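Peer 1: Got a structure here, written out as structure tokens. Questions coming.
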Protein chains: 4
Amino acid sequence: MHECCTPIRTAVIGASGYSGEELVRLLLHHPHADLVAVTSRSSVGRTIAQVFPRFASHPEARSLQFIEPNVASLVTRADVVFLALPHGVAAEFAVPLQAAGVTVIDLSADFRLRDAAVYQEFYAHAHPAPELLSQAVYGLPEVYRDRIRTASLIASPGCYPTSVLIPTLPLIRAGLIRPGGIIADSLSGVSGAGRKAEADFLFCECNESARAYGFPKHRHLSEIEQELSLAAGERVTIQFTPHLIPVNRGILTTLYLSPARHFSSAAESEALDAEIAACYRAAYEHEPFVRRLEGKALPDTKNVVGTNTLELAWRLDPRTGRLIVVSAEDNIVKGASGQAVQSMNIRFGFPETAGLI
Amino acid sequence: MHECCTPIRTAVIGASGYSGEELVRLLLHHPHADLVAVTSRSSVGRTIAQVFPRFASHPEARSLQFIEPNVASLVTRADVVFLALPHGVAAEFAVPLQAAGVTVIDLSADFRLRDAAVYQEFYAHAHPAPELLSQAVYGLPEVYRDRIRTASLIASPGCYPTSVLIPTLPLIRAGLIRPGGIIADSLSGVSGAGRKAEADFLFCECNESARAYGFPKHRHLSEIEQELSLAAGERVTIQFTPHLIPVNRGILTTLYLSPARHFSSAAESEALDAEIAACYRAAYEHEPFVRRLEGKALPDTKNVVGTNTLELAWRLDPRTGRLIVVSAEDNIVKGASGQAVQSMNIRFGFPETAGLI
Amino acid sequence: MHECCTPIRTAVIGASGYSGEELVRLLLHHPHADLVAVTSRSSVGRTIAQVFPRFASHPEARSLQFIEPNVASLVTRADVVFLALPHGVAAEFAVPLQAAGVTVIDLSADFRLRDAAVYQEFYAHAHPAPELLSQAVYGLPEVYRDRIRTASLIASPGCYPTSVLIPTLPLIRAGLIRPGGIIADSLSGVSGAGRKAEADFLFCECNESARAYGFPKHRHLSEIEQELSLAAGERVTIQFTPHLIPVNRGILTTLYLSPARHFSSAAESEALDAEIAACYRAAYEHEPFVRRLEGKALPDTKNVVGTNTLELAWRLDPRTGRLIVVSAEDNIVKGASGQAVQSMNIRFGFPETAGLI
Amino acid sequence: MHECCTPIRTAVIGASGYSGEELVRLLLHHPHADLVAVTSRSSVGRTIAQVFPRFASHPEARSLQFIEPNVASLVTRADVVFLALPHGVAAEFAVPLQAAGVTVIDLSADFRLRDAAVYQEFYAHAHPAPELLSQAVYGLPEVYRDRIRTASLIASPGCYPTSVLIPTLPLIRAGLIRPGGIIADSLSGVSGAGRKAEADFLFCECNESARAYGFPKHRHLSEIEQELSLAAGERVTIQFTPHLIPVNRGILTTLYLSPARHFSSAAESEALDAEIAACYRAAYEHEPFVRRLEGKALPDTKNVVGTNTLELAWRLDPRTGRLIVVSAEDNIVKGASGQAVQSMNIRFGFPETAGLI
């Protein structure tokens, strides 16, 4: 465990996007971390407070200036570096930083896949550092906590994958659902598109609008299917349809699943429902950031926005024989920066909820 | 056909909700209809302009006052009466009005189902007028145009059912998809909840929120399954999950369908895609209010809000063997009041688009 | 008056922005106008339906293609050309079109000011065609209807100026308020910023945000003060503070005015209130697009969005001696394209409300 | 100063509204406070986690149940009680609690005014406990910090008053502006209306809407004018116009002020600007929750929502001779619950920012 009285030194590369901004927020408040460097080519020389006025109440935000991303300099300053960069670019920093002994927590897709060929299929360019794939740990604490403890390169999961995997993995592992035929239908807030000046994401183009996009072969399928396949012990292919809705933050995912067992009578339904409840309880009872809703309650993104919690609830439909699970998370927190900090906490031996509740 | 130079006389009962308000808007502008009466217990004595300031530019809106709903009086005044009332209540007006020879276009669920037992199952009370069910025509013009022409009681479809049925019925009838296993995942604007003062629909409870509700057994399933079963020639059960998103208007429905035929190669996909295109073309080429999107375009509620048009597009997924169809409509126009006026146009021999484009 | 049975031929230059899109909508529906040409460099070769799917139900929208803006070609095709272009650029088209006898309705600021020096002061470049300024008519029908009838170059007013001038001009002309010390505090929807891909107008930057901008010397001050000065017969300087709020459309302007006469007792207040009511009645009783609210009603942008109507209401405050007037309009309709079509109706002798109610 | 190692015991009466919910959030996280009781008649017997799922990650939220508001019981349990109740009702609890030696922090208007007659004028009923008015301290820390330290009854300011008073008081005290003729034009998020199920605050009635309300004599004028008058040493009457805009949280206030000194030349403007800057610096340099923006930056509610910070910026307008100051705050935090906790911190000798940054 990290020495309790010496905070670790952290840096964020690519801190001007929404995920980077949230990392800055979390690290400024973290009881065991100091934020020592933030980089963004467009903001060099400006303080955090100038770039993000909402943080200006923090003394460090008023003094810490954005710098050019320089690996040599970061190596001497930071114990852990968060990469909030586009895929392809992240690897350029991950390789030398990791080689120099800095722990890297990468929020891009660059190290999430174990197979460079799958990366190339979904991201349309050769993997920039395939030799590192075997060392990278997929940073989903609810699954890989033990490996995260000793990882030098943590590939923090995508926002949609988190919302799909946490509800499905325990059911697959327990054999309660068939791994085939899974459908994930997701709604995302506009921050998921990043802070890019594109006409499609202007206020007037998103407000009073709902639309599907990027289906049937969204990039996030690659990591979702990788993890589901590992859990199932067989190759799993799923259906995934993301939608854009006019909220700043939040992902709501509705999952259509096939229980492995037939049910139709009330008694069969109740028995299966109890098994599902027990499965989730066993998996998540002690997880600080997974909340199983009870009774009539259903997930609502407004109840998780700003938190690192994922909410889930489920319903069996005896009419169709399906199980429907709904999850809600903040796409920028549990779906990105909060989860990355959760991995940092695990990696450095801090209480897992430090700076996150 | 109705005599072109004499407009028909129309009335709206229950005109203070969102569907009623939209009916008022459409009828005030209709080239072949006069709005002669509007009722709403809470607004008696006030003019349309006072209740709905946005219509105040219309001379009739400034003179026409809300009255008490009185069947005897309506019978003498109106050729057609629209009922924008809760289920159960609508039948109280439909029965005597229809008996008196007035054409009734009911926007409630009271006459959409052919089987009173199904009504009782889904609406939790006995059907108030089962003897009329056999006379009522389901007011989906794309399916029942001919029957609408002579109907005395038109049961205008629900908002979700319209968004599901228009995309699926041609495919089922053509045998292109299997009727089993259909999933409809819908997003609705908050106007779908009506103008009720309930805390769940306050601005701060809906804004920055996304949530599923009313599943797995939503009332609208009853009419969706009735119509799908009729088209399939067999009993069809579907999965339907509605969600509430922070827009005023609009429904986006994503349908997960199983093509009857296997496809996986590019050639098989293309061939099937062409068949689906041909099926939709045959069904909707001449339909004024169904728009099939081409190329990369996908439905977006902002492109249909305020119109009577339903947009649809589809994608085949060779990875999963599924067909995904997405539709977008204005829940208050094509999903309610616009469709009701479309039925009126058909019933009275007006051009079908009169007052709707 | 224009021959009733031959529609005029209209063109829109710069039709891909929000004002251009609204012009297209209005002209597609206009009973006395044909839309014969639309231009936008970025959309050449695409149909209106492809660029604006929401209009795809109109046959012309499916056939009319965007073309390059070519003056020679437009001169032969169109009777009236609307310019929905940035200031500075508009004049390049206005000059040759007007010289060739085409009626020009310019939605930019290029011809709103009578004094080229004021233009240079507020727009930071020399006026591109000062020789035309004396011919241009400020297209505010409530003030310049007679001059619009014969104008060859109509400078359609800005969105904010319309919201300020309609409520204030009658009071100034009647001597009911002092022209000095006027404050206009305006809230605008994001469409006012145009369809530019700038980070400041991304959904996540505008949603859940309210901010003032562009004060104390916003460009629109120049035309507001010009018109107020003309009405007052003396040089008028006002305070104007625009704010951006998260709605697509709508301007709400709150005006702080000083009655010329002291009032404090209830009797004095009532007498002054009656005079103001009479003044507004005299000015606007027969105006189809100005709505004076009565009783407790106050303007709300949602009641005017999508219409060419400006709503206004006022309150006297005996505590401060001030008169507060609030106006609401759709910034893209009465504040831009609707008002431009209103001017076209006047210019060509159509009923003034043609295509606008 | 309070003994550092023993947290104080806090209770919230009326915890089911938006201010109550925010108090619960702040107190659950507070390093020196335990939340020992929450009351709300509608939620008795349910835990905080059940009523507010977003807090369910906190152990106390899962165990602490809502109870009936019972003074005798609260007296034994709590050191400080927050009242988040309607005016009139709050006094019923404040009187016995304060008499029993419990520190009361009242978020209602009941104890903000020094003069019971003014209370009656603005709140339309007799003051329920006029004998306590002289003991109550107006809980604006930037003004009354010293008195708050020893207060037994703290009347936490209203949301609008906070947004008006912090920007204006230093200028008045310094004689930089004339106290006469002040105009405050405010925009508020819908949470300001509370969690009442009223049709006016339904999502569809607020979304895509902007409207003024409650002017010219809003209740908050009474406390604003009281405090301005005390600062000015003379009776001050101001103009105040609140508006409702479609955001959940945030108040943006634009103030129109008259500098005491004439300025028009650039040199005069700069000199005055420097004096204003110096005045604000002197007043707020060491205030942890007042942020003076520099350069081109202007307040934006999105930069303060969720924080206890008030942002302000100003501009001199040499054209009109006015000074315009804009402030932004979170109406529920600095405008209500955060400020109340700030007062608690002062009262109990905690660091003033404890639990608030």
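Chain labels run A, B, ... following the order of the structure tokens; each chain numbers its residues from 1, and ligands are numbered from 1 in the order shown.
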Please report as CSV every residue of chain B lying within 8 Å of chain D, along with the nearest atom pair and their distance in Å (one decimal), using only C-alpha atoms.
Peer 2:
```
residue,atom,partner,partner_atom,distance
B:Val190,CA,D:Cys204,CA,6.6
B:Ser191,CA,D:Cys204,CA,6.3
B:Arg195,CA,D:Ala199,CA,7.0
B:Lys196,CA,D:Ala199,CA,6.7
B:Ala197,CA,D:Ala199,CA,4.7
B:Glu198,CA,D:Ala197,CA,5.1
B:Ala199,CA,D:Ala197,CA,4.7
B:Phe201,CA,D:Leu202,CA,5.7
B:Leu202,CA,D:Leu202,CA,4.1
B:Phe203,CA,D:Phe203,CA,3.7
B:Cys204,CA,D:Asn248,CA,5.4
B:Cys206,CA,D:Phe203,CA,6.5
B:Asn207,CA,D:Asn248,CA,7.2
B:Pro246,CA,D:Phe203,CA,7.9
B:Val247,CA,D:Asn207,CA,7.9
B:Asn248,CA,D:Cys204,CA,5.4
```
Peer 1: What residues in segment 279-348 of chain A get the DSSP label alpha helix (DSSP H)? Please answer as a list of chain:residue names.
Peer 2: A:Cys279, A:Tyr280, A:Arg281, A:Ala282, A:Ala283, A:Tyr284, A:Gly338, A:Gln339, A:Ala340, A:Val341, A:Gln342, A:Ser343, A:Met344, A:Asn345, A:Ile346, A:Arg347
Peer 1: Write a file of the selected residues as a tab-separated table (two decimals), in the first residue's frame, keeping N, CA and C atoms.
Peer 2:
```tsv
chain	number	residue	atom	x	y	z
A	279	CYS	N	-27.80	-13.68	-7.70
A	279	CYS	CA	-26.61	-13.54	-8.55
A	279	CYS	C	-26.04	-12.13	-8.46
A	280	TYR	N	-26.91	-11.16	-8.61
A	280	TYR	CA	-26.45	-9.76	-8.53
A	280	TYR	C	-25.96	-9.44	-7.12
A	281	ARG	N	-26.65	-9.97	-6.14
A	281	ARG	CA	-26.22	-9.70	-4.77
A	281	ARG	C	-24.81	-10.24	-4.54
A	282	ALA	N	-24.63	-11.46	-4.97
A	282	ALA	CA	-23.30	-12.07	-4.79
A	282	ALA	C	-22.23	-11.25	-5.52
A	283	ALA	N	-22.57	-10.77	-6.69
A	283	ALA	CA	-21.57	-10.05	-7.48
A	283	ALA	C	-21.32	-8.65	-6.93
A	284	TYR	N	-22.36	-7.99	-6.48
A	284	TYR	CA	-22.25	-6.54	-6.27
A	284	TYR	C	-22.56	-6.06	-4.86
A	338	GLY	N	-14.27	8.80	-13.57
A	338	GLY	CA	-14.45	8.27	-12.22
A	338	GLY	C	-13.91	6.85	-12.13
A	339	GLN	N	-14.22	6.07	-13.12
A	339	GLN	CA	-13.73	4.70	-13.14
A	339	GLN	C	-12.20	4.66	-13.21
A	340	ALA	N	-11.64	5.61	-13.96
A	340	ALA	CA	-10.18	5.67	-14.04
A	340	ALA	C	-9.58	6.00	-12.67
A	341	VAL	N	-10.21	6.89	-11.94
A	341	VAL	CA	-9.72	7.22	-10.59
A	341	VAL	C	-9.94	6.03	-9.65
A	342	GLN	N	-11.05	5.33	-9.84
A	342	GLN	CA	-11.28	4.11	-9.04
A	342	GLN	C	-10.13	3.13	-9.26
A	343	SER	N	-9.71	2.98	-10.51
A	343	SER	CA	-8.56	2.10	-10.78
A	343	SER	C	-7.29	2.64	-10.12
A	344	MET	N	-7.11	3.93	-10.17
A	344	MET	CA	-5.94	4.51	-9.49
A	344	MET	C	-5.95	4.18	-8.00
A	345	ASN	N	-7.13	4.34	-7.40
A	345	ASN	CA	-7.24	4.02	-5.97
A	345	ASN	C	-6.82	2.58	-5.69
A	346	ILE	N	-7.29	1.69	-6.54
A	346	ILE	CA	-6.95	0.28	-6.36
A	346	ILE	C	-5.44	0.08	-6.56
A	347	ARG	N	-4.95	0.65	-7.63
A	347	ARG	CA	-3.54	0.46	-7.97
A	347	ARG	C	-2.60	0.95	-6.87
```
Peer 1: For Ile48 of chain D, please output as a ChimeraX atom specification all residues within 8 Å (counting only C-alpha atoms; exclusion window: fewer than 2 positions along the same chain).
Peer 2: /D:46,50-53,55-56,61-66
Peer 1: Could you please write out, as a list in words, every residue of segment 229-322 of chain D that DSSP assigns to strand (DSSP E or B)?
Peer 2: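 Put together, the selection reads Gln239, Phe240, Thr241, Pro242, His243, Leu244, Ile251, Leu252, Thr253, Thr254, Leu255, Tyr256, Leu257, Pro259, Val290, Arg291, Arg292, Asp300, Leu310, Glu311, Leu312, Ala313, Trp314, Arg315, Leu316, Asp317 and Arg322 of chain D.
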Peer 1: Can you tell me which residues surround Arg114 of chain C at a distance of at most 9 Å, considering only C-alpha atoms, apart from same-chain residues fewer than 4 positions away, and format the answer as a ChimeraX atom specification?
Peer 2: /C:118-119,130,133-134,136,223,226
Peer 1: For the selection just defined, write its residues with N, CA, C and O atoms to a file, as a tab-separated table (two decimals), in the first residue's frame.
Peer 2:
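And here is the file that came out, part.tsv:
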```
chain	number	residue	atom	x	y	z
C	118	VAL	N	-22.00	55.23	-39.15
C	118	VAL	CA	-22.48	54.41	-38.03
C	118	VAL	C	-22.25	52.93	-38.34
C	118	VAL	O	-21.84	52.15	-37.47
C	119	TYR	N	-22.49	52.56	-39.60
C	119	TYR	CA	-22.20	51.17	-40.00
C	119	TYR	C	-20.75	50.83	-39.70
C	119	TYR	O	-20.44	49.81	-39.12
C	130	PRO	N	-22.42	52.36	-49.96
C	130	PRO	CA	-23.11	53.47	-49.28
C	130	PRO	C	-24.12	54.20	-50.17
C	130	PRO	O	-25.08	54.79	-49.68
C	133	LEU	N	-27.78	53.29	-49.57
C	133	LEU	CA	-28.42	53.43	-48.25
C	133	LEU	C	-29.67	54.30	-48.30
C	133	LEU	O	-30.65	54.04	-47.60
C	134	SER	N	-29.63	55.29	-49.13
C	134	SER	CA	-30.78	56.20	-49.17
C	134	SER	C	-32.00	55.56	-49.82
C	134	SER	O	-33.13	55.98	-49.59
C	136	ALA	N	-32.70	52.22	-49.52
C	136	ALA	CA	-33.18	51.07	-48.74
C	136	ALA	C	-34.28	51.49	-47.78
C	136	ALA	O	-34.26	52.59	-47.22
C	223	GLU	N	-29.08	50.05	-35.13
C	223	GLU	CA	-30.38	50.24	-35.77
C	223	GLU	C	-31.48	50.58	-34.76
C	223	GLU	O	-32.41	51.31	-35.07
C	226	GLN	N	-31.07	54.28	-34.11
C	226	GLN	CA	-31.48	55.05	-35.30
C	226	GLN	C	-32.99	55.22	-35.33
C	226	GLN	O	-33.51	56.33	-35.50
```
